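Reading through the structure tokens given below for one structure.
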Amino acid sequence: MRVVATLLAAGLAGLALAASAGARTAADVPIVGANAIEEAAIRAALAPLGDHVAVAQLTLDPNRVLVASCGSASIPSAWTEASWQIMLLRFELPRRLAAAGAAISGVGYCDADYHPALPPPAQDVDLDAIARAIRARARSNHLTVSIEQLRLPEPALRVVVHLYERQLLKRVSTWRSMVLPPEADRVARLLRVESPQGVPLFVESWARDPSWEGGMWRGYGALDGDAPHLPVPSGPVPFIFRGPSRFAVRLSLQFEPSEPRRRRYRIVCGERPRGIPHARRVCDAVVLDRWALLSPQQRGSDEVCSGGAIDEITIGGVIGGRRLGGRTYRCELATVARWAVLLGARPPGWGGVPTRPARRP
């Protein structure tokens, strides 16, 4: 199914920010502290990133370090892609500037770390063959992907998974295992999973760095992407989710002043929603905000947050006439926070969750 990456509502300015990696070119990046020759060299290095430039700003400081800003960490997809791009350019940026007679000491990273320039990358990889293997792996798992080969000295692939509405109910081991075959481990890569509206639901990156085990730096990422950080969409609700909803929620809150709290809810939607004082708002949100509240869960994701006390939520039942099955979110911190605020168990604004209530059109 062909997915059109458009916004659900023109009024969602935050959504446009989240999609900024798909709307900016090298010409849009502010460059501070560089002269005309240096700026031209920097923009030439950024140009192969096409219209997916996520770096927010570059500053050439007095110590001849090119410092990168990756924007707001509250938009995980933009931050992740910007940091990945800077890692990819740790060879090309110094090379371009040196060729222009304006050598730099290194690149200042998004999190204030300093990274010296990398040596030239190896060229013994076949990006076309790796891209074919990725498409085959995705196709075998009934996933649609688009793949962009970045025209950089550093071999790199930008892989985007485009979901359609019925795949909201999809069971996932991990996105990585369902999309990336072993051959992909040989190159720098960004994996991004998008809802039918083009909102990132998951993002992860890897870039070459000899100082890391296996020679690959595993970059920033977000198990629940941007959706839980954005305003509730205003609709419309797809036909396949216009049926009745009846679901149970078990919420466990660990970060409490006194002791952990556990709450259970049984919510029945319809003409007279019941089960919670603000049941109608919850019933509207569960279908309007479905990609933030019920994004396909990675059953193998607990490896990154196991062993510690953490908020957790389990949801099961029927959503919009479709059986959801049981889902437990714990590593997806923003998703859990969004549910906790919706149910009234956390105060409005907890975890940066937007507070505008959902209203079904």
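In the structure tokens, chains take the letters A, B, ... in the order shown, each chain's residues start at 1, and ligands count up from 1 in the order shown.
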Where in segment 322-361 of chain A does DSSP assign strand (DSSP E), given as a list of chain:residue names? A:Arg322, A:Arg323, A:Arg327, A:Thr328, A:Tyr329
Only all heavy atoms, please: the residues just picked out, written as a PDB file, in the first residue's frame.
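Full text of out_35.pdb as output:
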ATOM      1  N   ARG A 322     -11.646  -3.613  16.696  1.00  0.00           N
ATOM      2  CA  ARG A 322     -10.551  -4.534  16.363  1.00  0.00           C
ATOM      3  C   ARG A 322      -9.913  -5.053  17.639  1.00  0.00           C
ATOM      4  O   ARG A 322      -9.583  -4.280  18.537  1.00  0.00           O
ATOM      5  CB  ARG A 322      -9.489  -3.812  15.530  1.00  0.00           C
ATOM      6  CG  ARG A 322     -10.010  -3.249  14.223  1.00  0.00           C
ATOM      7  CD  ARG A 322     -10.071  -4.332  13.175  1.00  0.00           C
ATOM      8  NE  ARG A 322     -10.742  -3.877  11.968  1.00  0.00           N
ATOM      9  CZ  ARG A 322     -10.793  -4.560  10.837  1.00  0.00           C
ATOM     10  NH1 ARG A 322     -10.206  -5.733  10.769  1.00  0.00           N
ATOM     11  NH2 ARG A 322     -11.433  -4.091   9.795  1.00  0.00           N
ATOM     12  N   ARG A 323      -9.719  -6.379  17.698  1.00  0.00           N
ATOM     13  CA  ARG A 323      -9.112  -6.953  18.898  1.00  0.00           C
ATOM     14  C   ARG A 323      -7.628  -6.613  18.940  1.00  0.00           C
ATOM     15  O   ARG A 323      -6.893  -6.863  17.993  1.00  0.00           O
ATOM     16  CB  ARG A 323      -9.314  -8.469  18.934  1.00  0.00           C
ATOM     17  CG  ARG A 323      -8.703  -9.125  20.170  1.00  0.00           C
ATOM     18  CD  ARG A 323      -9.306 -10.477  20.449  1.00  0.00           C
ATOM     19  NE  ARG A 323     -10.724 -10.386  20.773  1.00  0.00           N
ATOM     20  CZ  ARG A 323     -11.189 -10.023  21.981  1.00  0.00           C
ATOM     21  NH1 ARG A 323     -10.352  -9.719  22.949  1.00  0.00           N
ATOM     22  NH2 ARG A 323     -12.489  -9.986  22.190  1.00  0.00           N
ATOM     23  N   ARG A 327      -0.885  -5.981  25.321  1.00  0.00           N
ATOM     24  CA  ARG A 327       0.361  -5.258  25.077  1.00  0.00           C
ATOM     25  C   ARG A 327       0.852  -4.663  26.385  1.00  0.00           C
ATOM     26  O   ARG A 327       0.061  -4.068  27.133  1.00  0.00           O
ATOM     27  CB  ARG A 327       0.161  -4.133  24.058  1.00  0.00           C
ATOM     28  CG  ARG A 327      -0.055  -4.646  22.656  1.00  0.00           C
ATOM     29  CD  ARG A 327      -0.056  -3.544  21.635  1.00  0.00           C
ATOM     30  NE  ARG A 327      -0.289  -4.104  20.314  1.00  0.00           N
ATOM     31  CZ  ARG A 327      -0.349  -3.395  19.203  1.00  0.00           C
ATOM     32  NH1 ARG A 327      -0.185  -2.076  19.252  1.00  0.00           N
ATOM     33  NH2 ARG A 327      -0.570  -3.965  18.044  1.00  0.00           N
ATOM     34  N   THR A 328       2.130  -4.806  26.643  1.00  0.00           N
ATOM     35  CA  THR A 328       2.740  -4.218  27.828  1.00  0.00           C
ATOM     36  C   THR A 328       3.850  -3.289  27.395  1.00  0.00           C
ATOM     37  O   THR A 328       4.772  -3.697  26.687  1.00  0.00           O
ATOM     38  CB  THR A 328       3.305  -5.301  28.765  1.00  0.00           C
ATOM     39  OG1 THR A 328       2.224  -6.136  29.213  1.00  0.00           O
ATOM     40  CG2 THR A 328       3.981  -4.664  29.971  1.00  0.00           C
ATOM     41  N   TYR A 329       3.766  -2.032  27.802  1.00  0.00           N
ATOM     42  CA  TYR A 329       4.787  -1.040  27.488  1.00  0.00           C
ATOM     43  C   TYR A 329       5.522  -0.676  28.768  1.00  0.00           C
ATOM     44  O   TYR A 329       4.899  -0.330  29.777  1.00  0.00           O
ATOM     45  CB  TYR A 329       4.162   0.230  26.900  1.00  0.00           C
ATOM     46  CG  TYR A 329       3.393   0.037  25.617  1.00  0.00           C
ATOM     47  CD1 TYR A 329       2.005  -0.026  25.614  1.00  0.00           C
ATOM     48  CD2 TYR A 329       4.062  -0.079  24.402  1.00  0.00           C
ATOM     49  CE1 TYR A 329       1.299  -0.188  24.428  1.00  0.00           C
ATOM     50  CE2 TYR A 329       3.365  -0.250  23.209  1.00  0.00           C
ATOM     51  CZ  TYR A 329       1.980  -0.302  23.232  1.00  0.00           C
ATOM     52  OH  TYR A 329       1.294  -0.474  22.064  1.00  0.00           O
TER      53      TYR A 329
END
Find the spatial neighbours of Ser295 of chain A, counting only C-alpha atoms, within a cut-off of 8 Å - ignore same-chain residues fewer than 3 positions away - and output them as a PyMOL selection string. chain A and resi 168+201+224+290-292
Close residues, segment 79-84 of chain A itself excluded, 6 Å, only C-alpha atoms, min 3 positions apart in chain, as an MDAnalysis selection string: chainID A and resid 54:55 70 73 76 87 220:221
All residues 12 Å or closer to segment 129-142 of chain A, only C-alpha atoms, same chain fewer than 6 positions away omitted, as a PyMOL selection string: chain A and resi 1+148-150+155-164+166-167+170-189+191+193
Within 9 Å of Gly326 of chain A, counting only C-alpha atoms, which residues show up once you throw out same-chain ones fewer than 2 positions away? Write them as an MDAnalysis selection string, please. chainID A and resid 314:317 324 328
Could you please take those selected residues and save all heavy atoms as a PDB file, in the first residue's frame?
ATOM      1  N   THR A 314      -0.214  -2.153  30.822  1.00  0.00           N
ATOM      2  CA  THR A 314      -0.684  -3.277  30.007  1.00  0.00           C
ATOM      3  C   THR A 314      -2.091  -2.964  29.533  1.00  0.00           C
ATOM      4  O   THR A 314      -2.947  -2.562  30.333  1.00  0.00           O
ATOM      5  CB  THR A 314      -0.679  -4.585  30.812  1.00  0.00           C
ATOM      6  OG1 THR A 314       0.658  -4.880  31.228  1.00  0.00           O
ATOM      7  CG2 THR A 314      -1.206  -5.735  29.974  1.00  0.00           C
ATOM      8  N   ILE A 315      -2.337  -3.125  28.241  1.00  0.00           N
ATOM      9  CA  ILE A 315      -3.636  -2.846  27.640  1.00  0.00           C
ATOM     10  C   ILE A 315      -4.099  -4.075  26.882  1.00  0.00           C
ATOM     11  O   ILE A 315      -3.313  -4.720  26.185  1.00  0.00           O
ATOM     12  CB  ILE A 315      -3.570  -1.650  26.667  1.00  0.00           C
ATOM     13  CG1 ILE A 315      -2.898  -0.446  27.318  1.00  0.00           C
ATOM     14  CG2 ILE A 315      -4.964  -1.255  26.195  1.00  0.00           C
ATOM     15  CD1 ILE A 315      -1.515  -0.189  26.792  1.00  0.00           C
ATOM     16  N   GLY A 316      -5.373  -4.392  26.985  1.00  0.00           N
ATOM     17  CA  GLY A 316      -5.939  -5.494  26.230  1.00  0.00           C
ATOM     18  C   GLY A 316      -7.413  -5.268  25.979  1.00  0.00           C
ATOM     19  O   GLY A 316      -8.077  -4.548  26.736  1.00  0.00           O
ATOM     20  N   GLY A 317      -7.936  -5.859  24.931  1.00  0.00           N
ATOM     21  CA  GLY A 317      -9.355  -5.730  24.643  1.00  0.00           C
ATOM     22  C   GLY A 317      -9.623  -5.413  23.191  1.00  0.00           C
ATOM     23  O   GLY A 317      -8.877  -5.821  22.295  1.00  0.00           O
ATOM     24  N   LEU A 324      -7.233  -6.059  20.055  1.00  0.00           N
ATOM     25  CA  LEU A 324      -5.849  -5.631  20.219  1.00  0.00           C
ATOM     26  C   LEU A 324      -4.953  -6.743  20.733  1.00  0.00           C
ATOM     27  O   LEU A 324      -3.793  -6.852  20.347  1.00  0.00           O
ATOM     28  CB  LEU A 324      -5.803  -4.430  21.186  1.00  0.00           C
ATOM     29  CG  LEU A 324      -4.424  -3.863  21.515  1.00  0.00           C
ATOM     30  CD1 LEU A 324      -3.828  -3.206  20.272  1.00  0.00           C
ATOM     31  CD2 LEU A 324      -4.519  -2.851  22.647  1.00  0.00           C
ATOM     32  N   THR A 328       2.130  -4.806  26.643  1.00  0.00           N
ATOM     33  CA  THR A 328       2.740  -4.218  27.828  1.00  0.00           C
ATOM     34  C   THR A 328       3.850  -3.289  27.395  1.00  0.00           C
ATOM     35  O   THR A 328       4.772  -3.697  26.687  1.00  0.00           O
ATOM     36  CB  THR A 328       3.305  -5.301  28.765  1.00  0.00           C
ATOM     37  OG1 THR A 328       2.224  -6.136  29.213  1.00  0.00           O
ATOM     38  CG2 THR A 328       3.981  -4.664  29.971  1.00  0.00           C
TER      39      THR A 328
END
So that I can check the surroundings of Gly344 of chain A, please list as a PyMOL selection string every protein, DNA and RNA residue that reaches within 10 Å of it, counting only C-alpha atoms and ignoring chain neighbours fewer than 3 positions away. chain A and resi 276-278+282+339-341+347-348
Okay, now the selection with N, CA, C and O atoms, as a PDB file, in the first residue's frame?
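That gives us again.pdb:
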ATOM      1  N   ILE A 276     -14.610   5.038  34.124  1.00  0.00           N
ATOM      2  CA  ILE A 276     -13.696   6.050  34.626  1.00  0.00           C
ATOM      3  C   ILE A 276     -14.441   7.382  34.524  1.00  0.00           C
ATOM      4  O   ILE A 276     -15.294   7.546  33.635  1.00  0.00           O
ATOM      5  N   PRO A 277     -14.201   8.343  35.440  1.00  0.00           N
ATOM      6  CA  PRO A 277     -14.977   9.588  35.402  1.00  0.00           C
ATOM      7  C   PRO A 277     -14.962  10.306  34.059  1.00  0.00           C
ATOM      8  O   PRO A 277     -15.972  10.874  33.649  1.00  0.00           O
ATOM      9  N   HIS A 278     -13.842  10.318  33.384  1.00  0.00           N
ATOM     10  CA  HIS A 278     -13.750  11.004  32.085  1.00  0.00           C
ATOM     11  C   HIS A 278     -13.653   9.974  30.962  1.00  0.00           C
ATOM     12  O   HIS A 278     -12.815  10.065  30.080  1.00  0.00           O
ATOM     13  N   VAL A 282     -11.335   9.451  27.236  1.00  0.00           N
ATOM     14  CA  VAL A 282     -10.444   8.304  27.028  1.00  0.00           C
ATOM     15  C   VAL A 282     -10.877   7.515  25.801  1.00  0.00           C
ATOM     16  O   VAL A 282     -10.046   7.091  24.992  1.00  0.00           O
ATOM     17  N   TRP A 339      -0.333   7.586  28.469  1.00  0.00           N
ATOM     18  CA  TRP A 339      -1.454   6.861  29.050  1.00  0.00           C
ATOM     19  C   TRP A 339      -1.733   7.347  30.469  1.00  0.00           C
ATOM     20  O   TRP A 339      -2.897   7.534  30.861  1.00  0.00           O
ATOM     21  N   ALA A 340      -0.690   7.545  31.273  1.00  0.00           N
ATOM     22  CA  ALA A 340      -0.871   7.945  32.664  1.00  0.00           C
ATOM     23  C   ALA A 340      -1.565   9.301  32.768  1.00  0.00           C
ATOM     24  O   ALA A 340      -2.441   9.504  33.621  1.00  0.00           O
ATOM     25  N   VAL A 341      -1.202  10.232  31.896  1.00  0.00           N
ATOM     26  CA  VAL A 341      -1.854  11.548  31.883  1.00  0.00           C
ATOM     27  C   VAL A 341      -3.304  11.409  31.408  1.00  0.00           C
ATOM     28  O   VAL A 341      -4.217  12.011  31.983  1.00  0.00           O
ATOM     29  N   PRO A 347      -0.233  14.154  36.563  1.00  0.00           N
ATOM     30  CA  PRO A 347      -0.742  15.507  36.310  1.00  0.00           C
ATOM     31  C   PRO A 347      -0.539  15.914  34.854  1.00  0.00           C
ATOM     32  O   PRO A 347       0.357  15.405  34.173  1.00  0.00           O
ATOM     33  N   PRO A 348      -1.361  16.830  34.339  1.00  0.00           N
ATOM     34  CA  PRO A 348      -1.188  17.324  32.968  1.00  0.00           C
ATOM     35  C   PRO A 348       0.224  17.843  32.744  1.00  0.00           C
ATOM     36  O   PRO A 348       0.798  18.524  33.597  1.00  0.00           O
TER      37      PRO A 348
END
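Taking atom CA of Arg95 of chain A as the reference point, atom CA of His52 of chain A is found at 21.7 Å.
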